[in-house]
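To be precise, the following lines are work34.cif, and they hold mmCIF, C-alpha atoms.
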data_start
loop_
_atom_site.label_atom_id
_atom_site.label_comp_id
_atom_site.auth_asym_id
_atom_site.auth_seq_id
_atom_site.Cartn_x
_atom_site.Cartn_y
_atom_site.Cartn_z
CA MET F 189 -14.61 4.62 12.38
CA SER F 190 -11.07 3.70 11.33
CA ARG F 191 -8.17 3.66 13.79
CA VAL F 192 -5.27 5.83 12.62
CA LEU F 193 -1.82 5.70 14.22
CA LEU F 194 -0.19 9.06 13.49
CA ILE F 195 3.59 9.23 13.95
CA GLU F 196 4.73 12.86 13.68
CA ASP F 197 7.38 14.65 15.75
CA ASP F 198 6.26 18.24 15.10
CA ASP F 199 3.82 19.15 17.90
CA ALA F 200 1.85 21.69 15.87
CA VAL F 201 1.51 19.41 12.84
CA ARG F 202 0.61 16.44 15.02
CA ARG F 203 -2.15 18.36 16.77
CA ALA F 204 -3.52 19.90 13.57
CA VAL F 205 -3.53 16.66 11.56
CA GLY F 206 -4.93 14.69 14.48
CA LEU F 207 -7.74 17.19 14.99
CA GLY F 208 -8.53 17.29 11.28
CA LEU F 209 -8.73 13.50 11.03
CA ARG F 210 -10.91 13.26 14.12
CA ARG F 211 -13.29 15.75 12.54
CA GLN F 212 -13.40 13.45 9.52
CA GLY F 213 -14.55 10.62 11.78
CA HIS F 214 -11.30 8.76 12.48
CA ASP F 215 -10.10 7.45 15.84
CA VAL F 216 -6.57 8.90 16.03
CA HIS F 217 -3.73 7.93 18.34
CA ALA F 218 -0.84 10.37 17.83
CA VAL F 219 2.76 9.84 18.97
CA ALA F 220 5.97 11.83 18.48
CA THR F 221 8.57 9.13 17.78
CA GLY F 222 8.96 5.98 15.78
CA GLU F 223 9.76 4.01 18.89
CA GLU F 224 6.46 5.08 20.47
CA GLY F 225 4.61 4.20 17.29
CA LEU F 226 6.07 0.70 17.13
CA GLY F 227 5.13 0.23 20.76
CA GLN F 228 1.48 1.04 19.96
CA LEU F 229 1.04 -1.44 17.11
CA ALA F 230 -0.05 -4.33 19.30
CA SER F 231 -2.19 -2.37 21.76
CA PHE F 232 -3.90 0.17 19.48
CA ARG F 233 -4.22 -2.18 16.48
CA PRO F 234 -4.44 0.60 13.86
CA ASP F 235 -6.26 0.19 10.57
CA VAL F 236 -3.69 2.50 8.94
CA VAL F 237 -0.39 4.12 9.93
CA VAL F 238 0.39 7.70 8.90
CA LEU F 239 4.15 8.08 9.18
CA ASP F 240 6.35 11.16 8.89
CA LEU F 241 9.69 10.23 7.33
CA MET F 242 11.69 12.88 9.18
CA LEU F 243 11.70 11.67 12.79
CA PRO F 244 14.16 12.04 15.68
CA GLY F 245 15.89 8.87 16.82
CA MET F 246 14.67 6.01 14.64
CA GLY F 247 14.03 7.44 11.16
CA GLY F 248 10.78 7.03 9.30
CA LEU F 249 12.21 4.58 6.76
CA ASP F 250 13.40 2.25 9.53
CA VAL F 251 10.00 2.53 11.21
CA CYS F 252 8.33 1.67 7.91
CA ARG F 253 10.51 -1.43 7.54
CA GLN F 254 9.77 -2.59 11.08
CA VAL F 255 6.03 -2.02 10.76
CA ARG F 256 5.98 -3.99 7.52
CA ASP F 257 8.00 -6.80 9.10
CA ARG F 258 5.36 -7.13 11.83
CA GLU F 259 2.09 -6.18 10.16
CA GLN F 260 0.40 -5.85 6.78
CA VAL F 261 -1.40 -2.69 7.99
CA PRO F 262 -1.52 0.03 5.30
CA ILE F 263 1.16 2.72 5.66
CA ILE F 264 0.89 6.27 4.29
CA ILE F 265 4.15 8.20 4.49
CA VAL F 266 4.39 11.97 4.90
CA THR F 267 7.25 13.71 3.15
CA ALA F 268 8.54 17.22 2.52
CA LYS F 269 8.04 18.56 -1.00
CA GLY F 270 10.88 17.58 -3.31
CA ASP F 271 12.13 14.60 -1.28
CA ASP F 272 11.63 12.25 -4.22
CA VAL F 273 14.39 9.86 -3.20
CA ASP F 274 12.85 9.30 0.23
CA VAL F 275 9.43 8.77 -1.35
CA VAL F 276 10.75 6.08 -3.70
CA VAL F 277 12.69 4.33 -0.94
CA GLY F 278 9.68 4.52 1.37
CA LEU F 279 7.44 2.95 -1.25
CA GLU F 280 9.97 0.22 -1.94
CA VAL F 281 10.29 -0.74 1.73
CA GLY F 282 6.56 -1.13 2.16
CA ALA F 283 4.55 2.12 2.18
CA ASP F 284 1.23 2.01 0.33
CA ASP F 285 0.88 5.71 -0.46
CA TYR F 286 2.28 9.13 0.39
CA VAL F 287 1.26 12.73 0.97
CA VAL F 288 3.38 15.86 0.73
CA LYS F 289 3.66 18.53 3.44
CA PRO F 290 1.91 20.76 4.33
CA VAL F 291 -0.62 18.01 5.03
CA GLN F 292 -4.27 18.84 4.42
CA ALA F 293 -6.62 16.73 6.54
CA ARG F 294 -9.16 16.33 3.73
CA VAL F 295 -6.47 15.05 1.34
CA LEU F 296 -5.09 12.66 3.95
CA ASP F 297 -8.63 11.52 4.79
CA ALA F 298 -9.23 10.71 1.12
CA ARG F 299 -5.99 8.73 0.91
CA ILE F 300 -6.85 6.82 4.11
CA ARG F 301 -10.31 5.91 2.87
CA ALA F 302 -8.91 4.87 -0.51
CA VAL F 303 -6.26 2.59 0.97
CA LEU F 304 -8.82 0.95 3.26
CA ARG F 305 -11.19 0.35 0.33
CA ARG F 306 -8.49 -1.76 -1.30
CA LEU F 307 -9.18 -4.45 1.28
CA ASP F 308 -12.93 -4.44 0.66
CA ALA F 309 -13.64 -3.81 -3.01
CA PRO F 310 -13.32 -6.62 -5.56
CA ALA F 311 -11.07 -6.13 -8.53
CA PRO F 312 -12.78 -4.86 -11.67
CA GLY F 313 -14.02 -7.26 -14.28
CA HIS F 314 -16.62 -9.95 -14.64
CA ALA F 315 -17.69 -12.16 -11.79
CA ARG F 316 -15.12 -14.86 -11.15
CA PRO F 317 -15.02 -18.02 -8.99
CA ARG F 318 -14.34 -17.60 -5.29
CA ALA F 319 -10.92 -19.23 -5.72
CA GLU F 320 -9.00 -19.38 -8.97
CA SER F 321 -5.73 -21.11 -9.74
CA HIS F 322 -2.92 -19.83 -11.94
CA GLY F 323 -0.44 -22.66 -11.91
CA PRO F 324 0.81 -22.96 -8.31
CA LEU F 325 -0.73 -19.61 -7.40
CA THR F 326 -4.27 -19.58 -5.96
CA ILE F 327 -6.25 -16.36 -5.50
CA ASP F 328 -9.32 -16.37 -3.28
CA ARG F 329 -11.08 -13.14 -4.27
CA ALA F 330 -13.89 -13.46 -1.76
CA GLY F 331 -11.63 -14.30 1.17
CA LEU F 332 -8.82 -11.99 -0.02
CA VAL F 333 -6.26 -14.76 0.42
CA VAL F 334 -3.35 -15.62 -1.88
CA THR F 335 -1.52 -18.94 -1.59
CA HIS F 336 1.34 -20.60 -3.42
CA HIS F 337 1.36 -24.41 -3.33
CA GLY F 338 -1.05 -24.07 -0.41
CA GLU F 339 1.17 -21.72 1.58
CA ARG F 340 -0.29 -18.28 2.28
CA VAL F 341 1.47 -15.23 0.85
CA LEU F 342 1.02 -12.20 3.11
CA LEU F 343 0.35 -9.08 1.06
CA ALA F 344 -0.14 -5.46 2.05
CA ALA F 345 -3.33 -3.72 0.92
CA SER F 346 -1.88 -2.18 -2.23
CA GLU F 347 -0.05 -5.36 -3.21
CA LEU F 348 -3.20 -7.43 -2.86
CA ARG F 349 -5.36 -4.96 -4.79
CA LEU F 350 -2.75 -4.74 -7.56
CA LEU F 351 -2.60 -8.53 -7.90
CA LEU F 352 -6.41 -8.79 -7.93
CA THR F 353 -6.63 -6.13 -10.62
CA LEU F 354 -3.97 -7.61 -12.89
CA SER F 355 -5.14 -11.22 -12.50
CA ALA F 356 -8.77 -10.30 -13.26
CA SER F 357 -7.80 -10.11 -16.94
CA PRO F 358 -4.92 -12.52 -17.67
CA GLY F 359 -2.95 -11.52 -20.74
CA GLN F 360 -4.42 -8.03 -20.90
CA VAL F 361 -1.91 -5.18 -20.70
CA LEU F 362 -2.85 -2.44 -18.24
CA SER F 363 -1.05 0.88 -18.38
CA ARG F 364 0.55 2.38 -15.29
CA GLN F 365 -2.03 5.15 -15.44
CA GLN F 366 -4.91 2.65 -15.50
CA LEU F 367 -3.45 0.83 -12.50
CA LEU F 368 -2.85 4.09 -10.65
CA GLU F 369 -6.47 5.16 -11.09
CA THR F 370 -7.90 1.72 -10.27
CA VAL F 371 -5.73 0.68 -7.32
CA TRP F 372 -4.75 4.01 -5.77
CA GLU F 373 -7.63 6.16 -7.04
CA HIS F 374 -5.12 8.84 -8.10
CA SER F 375 -5.02 10.56 -11.46
CA TYR F 376 -1.78 12.57 -11.27
CA HIS F 377 0.67 11.09 -13.77
CA GLY F 378 3.67 11.82 -11.53
CA ASP F 379 2.41 9.24 -9.04
CA ILE F 380 2.99 6.28 -11.36
CA ARG F 381 6.06 5.48 -9.22
CA LEU F 382 3.51 4.08 -6.76
CA VAL F 383 2.73 1.42 -9.34
CA ASP F 384 6.33 0.51 -10.13
CA ALA F 385 7.32 0.29 -6.46
CA CYS F 386 4.32 -1.89 -5.64
CA VAL F 387 5.03 -4.24 -8.57
CA LYS F 388 8.60 -4.59 -7.33
CA ARG F 389 7.42 -5.53 -3.82
CA LEU F 390 4.75 -7.89 -5.14
CA ARG F 391 7.22 -9.69 -7.37
CA ALA F 392 9.61 -10.11 -4.45
CA LYS F 393 6.89 -11.64 -2.26
CA LEU F 394 5.62 -13.96 -4.98
CA GLY F 395 9.21 -14.92 -5.71
CA GLU F 396 9.75 -15.80 -2.06
CA ALA F 397 6.67 -18.01 -2.28
CA GLY F 398 8.25 -20.15 -4.98
CA ARG F 399 9.74 -18.16 -7.84
CA ALA F 400 6.31 -17.24 -9.17
CA SER F 401 7.24 -13.62 -9.85
CA GLY F 402 7.20 -14.22 -13.61
CA CYS F 403 3.40 -14.01 -13.53
CA ILE F 404 3.66 -10.21 -13.71
CA GLU F 405 5.23 -9.13 -16.97
CA THR F 406 6.50 -5.67 -17.80
CA VAL F 407 5.44 -4.17 -21.11
CA ARG F 408 8.22 -1.66 -21.60
CA GLY F 409 7.09 1.93 -21.83
CA PHE F 410 3.48 1.10 -21.11
CA GLY F 411 2.57 -1.02 -18.10
CA TYR F 412 2.07 -4.56 -16.86
CA SER F 413 0.17 -7.74 -17.60
CA PHE F 414 -0.60 -10.94 -15.72
CA ARG F 415 0.14 -14.29 -17.32
CA VAL F 416 -0.79 -17.72 -16.05
CA ALA F 417 2.13 -18.97 -14.00
CA ARG F 418 3.54 -22.39 -14.68
CA ASP F 419 3.94 -24.93 -11.94
CA ALA F 420 7.17 -24.35 -10.01
#
Representation of the structure as structure tokens:
Amino acid sequence: MSRVLLIEDDDAVRRAVGLGLRRQGHDVHAVATGEEGLGQLASFRPDVVVLDLMLPGMGGLDVCRQVRDREQVPIIIVTAKGDDVDVVVGLEVGADDYVVKPVQARVLDARIRAVLRRLDAPAPGHARPRAESHGPLTIDRAGLVVTHHGERVLLAASELRLLLTLSASPGQVLSRQQLLETVWEHSYHGDIRLVDACVKRLRAKLGEAGRASGCIETVRGFGYSFRVARDA
């Protein structure tokens, strides 16, 4: 049973989504404000946060930033149809996925289970050593740990899964659609912005670890590839 922290200000939506997720087997703690949600991070210890972007007081984007500053817990944002700008910003500040209102419990359940599988399933490809080195970057696939010059790089679920997938086949170009289907388990072409936003975040984190962001190369108009990073 996964623990879901649901942050939604609309009473009817909060009750309906909470009930639906409980019926799907999740342990749900539902709150109405971002401030309440942040206060529950340490005590409830959620496996995933479901976050409405339109909240009273502290807005959903600020909540997303603060959650990501404290935890690497997966975040799924909830947005009104057509709010593409908020979706992109939410993904760039740390969300792992999104769903559009009206929220269907079965769809949200599928997204929750998919994001949690990213922490368990190995990247595709042939069996590889427990720990592999790419210049100063070391990837421990069994332990799900990434280090740079021995210093751990903290990655959210989607960032880690994306890096595992790309680095499984160095030099091979993977299309955005391939990455979307492998990492996020989506097939809708319009969701490729999930891939671009996650690459941007991953590059920033690897860059902070020692300017290693060049290991992920953009193939314009197609996708991304992983190259062996040089010592930095």
Can you list, as a PyMOL selection string, every protein, DNA or RNA residue that comes within 8 Å of Leu342 of chain F when you count all atoms listed in the file, leaving out same-chain residues fewer than 5 positions away? chain F and resi 260+334+393
When the PyMOL selection byres ((chain F and resi 197-204) around 12) is applied to the structure above, which residues does it catch, written out as a ChimeraX atom specification? /F:193-196,205-211,216-225,238-248,266,289-294
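The coordinates place atom CA of Glu320 of chain F at 9.7 Å from atom CA of Ser355 of chain F.
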My list of candidates is F:Arg349, F:Glu369, F:Ala344, F:Ser190. Which is closest to Arg258 of chain F when distances are computed with all atoms listed in the file?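 Distance minimum relative to Arg258 of chain F lands on F:Ala344.
Minimum atom-to-atom distance to Leu229 of chain F, evaluated using all atoms listed in the file, belongs to F:Glu259 out of F:Asp271, F:Glu259, F:Asp215, F:Asp285.
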Could you list, as a PyMOL selection string, every residue matched by the PyMOL selection byres ((chain F and resi 386) around 8) in this structure? chain F and resi 279-280+284+346-347+350+382-385+387-390
Rounded to one decimal in Å, what is the spacing between atom CA of Asp379 of chain F and atom CA of Gln254 of chain F?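 So the two atoms, atom CA of Asp379 of chain F and atom CA of Gln254 of chain F, lie 24.5 Å apart.
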Could you tell me, as a VMD selection string, which residues have any atom at most 7 Å from (-5.4, 0.5, 13.8), counting only C-alpha atoms? chain F and resid 190 to 193 232 to 236
Atom CA of Thr370 of chain F to atom CA of Gly213 of chain F, straight-line distance in Å: 24.7 Å
Go through F:Arg381, F:Arg306, F:Ser375, F:Asp250 and flag the residue nearest Val275 of chain F, using all atoms listed in the file for the distances. F:Arg381
Quick one: which residues end up in the PyMOL selection byres ((chain F and resi 408-415) around 7) for this structure, as a compact mmCIF listing (two decimals) with C-alpha atoms, in the frame of the given file?
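Final output, result_24.txt:
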# COMPACT_ATOMS: atom_id res chain seq x y z
CA LEU F 354 -3.97 -7.61 -12.89
CA SER F 355 -5.14 -11.22 -12.50
CA PRO F 358 -4.92 -12.52 -17.67
CA GLY F 359 -2.95 -11.52 -20.74
CA GLN F 360 -4.42 -8.03 -20.90
CA VAL F 361 -1.91 -5.18 -20.70
CA LEU F 362 -2.85 -2.44 -18.24
CA SER F 363 -1.05 0.88 -18.38
CA ARG F 364 0.55 2.38 -15.29
CA CYS F 403 3.40 -14.01 -13.53
CA ILE F 404 3.66 -10.21 -13.71
CA GLU F 405 5.23 -9.13 -16.97
CA THR F 406 6.50 -5.67 -17.80
CA VAL F 407 5.44 -4.17 -21.11
CA VAL F 416 -0.79 -17.72 -16.05
CA ALA F 417 2.13 -18.97 -14.00
Name the residues in contact with Thr335 of chain F at a cut-off of 6 Å, using all atoms listed in the file, excluding same-chain residues fewer than 4 positions from it; report them as a short mmCIF file (atom, residue, chain, number, x, y, z; two decimals) with C-alpha atoms, in the coordinates of the input.
data_model
loop_
_atom_site.label_atom_id
_atom_site.label_comp_id
_atom_site.auth_asym_id
_atom_site.auth_seq_id
_atom_site.Cartn_x
_atom_site.Cartn_y
_atom_site.Cartn_z
CA LEU F 325 -0.73 -19.61 -7.40
CA THR F 326 -4.27 -19.58 -5.96
CA GLU F 339 1.17 -21.72 1.58
CA ARG F 340 -0.29 -18.28 2.28
CA VAL F 341 1.47 -15.23 0.85
#
So which one's closest to Val371 of chain F, F:Leu352, F:Leu296, F:Leu226, F:Ile263? Using only C-alpha atoms, please.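 Distance minimum relative to Val371 of chain F lands on F:Leu352.
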Between F:Gly227, F:Gly395, F:Gly278, F:Gly323, single out the one closest to Cys252 of chain F, counting all atoms listed in the file. F:Gly278
For segment 316-334 of chain F, take all atoms listed in the file, fit an axis-aligned box around them, add 4 Å to each of the six sides, then output centre and edge lengths in Å rounded to one decimal, as JSON.
{"center_x": -7.2, "center_y": -17.5, "center_z": -5.4, "size_x": 23.9, "size_y": 19.0, "size_z": 21.1}
